[in-house]
Every structure is written in C-alpha cells, then in structure tokens.
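Chemist: Okay, here's the structure, questions in a sec.
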Amino acid sequence: MGKYILKRVSAAIVTIFIVTTITFFLMNLVPGGPFVAEKSISVQAQKALAEKFGLDKPLIVQYKNYLVNALKGDFGLSLKQRGRDVTGIIFSKFPVSARLGGISVLVALIIGIPLGSIAAINRGKWLDNFIIVIATGGIAVPSFVLCTVGMYVFGVHLGLLPTFGLTSPLHYVLPVFALSFYPTAYITRLMRSSMLDVIGQDYIRTARAKGVSQFLSLFKHALRNAILPVVTYVGPLLAYTLTGSFIVEKIFVIPGLGGQFVSSIMNRDYTVIMGTTIFLATLVIVMNTIVDIVYKLIDPRIQLN
C-alpha cells in the first residue's frame with residue numbers, strides 16, 4: 001500500500017506540473033493582456049502595471065518565476081482585485097462551493113443508490129421503466145435548463161423559493177437540485193446495471209437457495225460489490241461538485257469558486273486563473289487517489305499496482 005501511494009503521489013506531482021505548464025502557455029497565447037480592457041488607464045500606466053506584476057519579462061522567465069513561487073505556496077497577487085492574494089481568494093470562495101457541492105453529492109448518493117437498486121430488483125416492471133425514464137431524462141437535460149425552469153416555476157411563478165445567494169437553508173434548494181440532478185440520474189443507471197450483474201452471480205443464487213431473504217442477500221452481499229462502479233464515479237464527482245458548478249453558481253449568483261473562476265477568465269486575471277486551475281487539478285488527483293484506496297478497503301481482492 002505504501003509503495004502504491006508513493007507511486008500515485010509521484011504521478012500526481014508530474015500531472016500537476018503538466019497541467020500548470022499547459023495552462024500557463026495557453027493562457028499567454030491569447031492575444032492582448034490583462035490590462036488592455038481597462039480603457040480608463042493610459043498606456044504608460046498599463047506598462048507600469050505589467051512591470052509591477054512581472055509581465056514585462058520574457059515568457060520563459062515569467063514561467064520560471066511562477067513555478068518557483070508556486071512551490072513556496074505563493075500564487076501571487078490578483079491582477080484585477082488589487083491588494084488580494086490568489087491563495088486568500090481561493091480559500092475564501094472554496095468553503096461556499098464545498099458546502100453546496102457536498103450537499104449535492106450527498107443527495108445524489110442517498111437518492112441514486114436506492115433508486116438503482118430498486119430498479120434492478122424490479123427489472124422489466126413498470127417501476128423499473130419509470131425510474132429509467134426519469135434517469136435518462138436527468139442525464140439528457142442540461143443543468144442551465146433545470147436552473148432556468150426551477151427559478152421560473154418555484155421562484156418567480158409560485159414565489160416559494162429564493163433565486164439567488166446562499167443566505168438561508170431555502171436558498172440551497174434550487175442550486176442543490178440543479179447540481180445534483182445529473183449525478184443522481186447517472187448513479188441510478190450505474191447502480192442498476194451493476195446490481196443486475198451482481199444479482200446474477202452464482203453466490204447470490206446460492207445464498208437465496210440456502211434460505212437467505214432477498215433483502216439480506218441484496219443489501220448485505222450484493223450491494224458491497226455492486227457499489228464499486230459508483231465509488232469510481234464519486235471520486236471525480238466530488239472534485240467537480242466541491243468546487244461548484246460554474247453555470248449553477250453564475251445563474252444563482254453564488255459567491256463560490258466556480259463563479260470566481262469564470263469571472264477571472266472574463267477579466268483575464270492570469271494569476272487567479274492559474275491558482276484556481278492548480279487547485280482544481282490537485283483536488284481531482286487527490287480524490288481519485290482516495291477512491292483507489294477506498295476500493296481496496298471495500299474489496300480486499302483488488303490488487304493495487
């Protein structure tokens with residue numbers, strides 16, 4: 001296990017380095033600069049700002065300086081939010097996205113796993129068909145459509161739910177619904193397929209032949225193996241939802257990391273883009289590594305190489 005973790009950590013460092021390098025050079029290939037859009041300041045002032053932030057140096061020098069500072073945990077100052085460092089921005093916005101994403105993942109798991117199991121048990125019956133129709137629709141419908149429909153029906157037309165911000169528990173209902181609907185549908189379909197495969201195995205039929213009840217045979221013996229594909233999906237899902245959906249945060253005016261990332265791209269805030277990208281890449285890699293280790297704990301037969 002120790003050797004495997006060391007190998008994964010080494011691979012993670014290389015991956016983060018590659019992501020950082022690609023993002024840095026792609027971002028600088030875009031014509032213009034971070035201060036070009038600021039019409040109110042003179043060319044001389046733009047040059048002074050570029051010199052202050054080190055953007056007047058050759059690209060390879062900027063890249064080297066950025067890597068050296070990033071290794072020290074310094075992602076620099078925001079080019080647009082004057083006086084604010086990138087690390088402070090990320091860690092001030094991330095808790096908001098983490099709460100929203102964490103609740104959404106929990107909702108998706110609580111609903112998706114039982115629905116998929118129920119559909120598998122009732123294969124070919126009306127209940128199975130009904131669940132599959134809902135799950136297929138959930139995968140096909142984009143999140144911005146759910147946001148728009150939810151805001152109009154429950155926010156504007158019925159006036160039951162607030163449509164922006166996260167200042168009370170009711171404010172979480174529509175964003176969580178929009179953010180969790182797709183993963184719930186995907187987990188439902190994934191769980192159904194996996195459960196159907198497991199309940200057809202010989203050991204399940206043997207358990208039933210020995211008099212073990214259907215409930216016990218399914219949820220004690222089958223569920224542990226059937227849930228493995230869901231565990232695989234939860235890794236990247238956690239990384240995605242913990243940072244918040246960019247579209248959902250923008251539509252509901254949620255002050256999270258997703259909305260901040262979109263704003264930084266629109267404003268060409270290079271340092272915030274870089275810092276956020278590295279943070280998200282690290283989060284995805286860490287989550288995937290944790291999932292692989294949990295895999296081993298769930299099923300000891302799995303060999304980590």
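Following the order of the structure tokens, chains are lettered A, B, ..., residues in each are numbered from 1, and ligands are numbered from 1.
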If we count only C-alpha atoms and set the cut-off at 7 Å, which residues sit around Leu166 in chain A, ignoring sequence neighbours fewer than 5 positions away in its own chain? Please answer as a tab-separated table (two decimals) with N, CA, C and O atoms, in the first residue's frame.

Modeler:
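The file below, part39.tsv, is the result:
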```tsv
chain	number	residue	atom	x	y	z
A	171	HIS	N	-32.30	28.82	0.38
A	171	HIS	CA	-31.51	29.23	-0.77
A	171	HIS	C	-30.75	28.06	-1.41
A	171	HIS	O	-30.35	28.15	-2.57
A	172	TYR	N	-30.56	26.99	-0.64
A	172	TYR	CA	-29.82	25.84	-1.16
A	172	TYR	C	-30.68	24.92	-2.03
A	172	TYR	O	-30.12	24.12	-2.80
A	254	ILE	N	-24.05	32.83	-6.82
A	254	ILE	CA	-23.46	32.25	-5.61
A	254	ILE	C	-21.98	32.63	-5.57
A	254	ILE	O	-21.24	32.39	-6.53
```

Chemist: Per DSSP on the backbone, what are the alpha helix (DSSP H) residues of range 55-268 of chain A, as an MDAnalysis selection string?

Modeler: chainID A and resid 59:71 86:121 126:140 143:150 173:199 202:209 214:216 223:226 228:242 246:251 257:266

Chemist: Give me the residues within 7 Å of Phe252 in chain A as a PyMOL selection string, counting only C-alpha atoms and dropping any in the same chain fewer than 5 places off.

Modeler: chain A and resi 163-165

Chemist: Find the residue from A:Ser117, A:Thr289, A:Thr136, A:Thr23 that sits nearest to Thr232 in chain A; use only C-alpha atoms when measuring.

Modeler: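 Comparing A:Ser117, A:Thr289, A:Thr136, A:Thr23 against Thr232 in chain A, the winner is A:Thr289.
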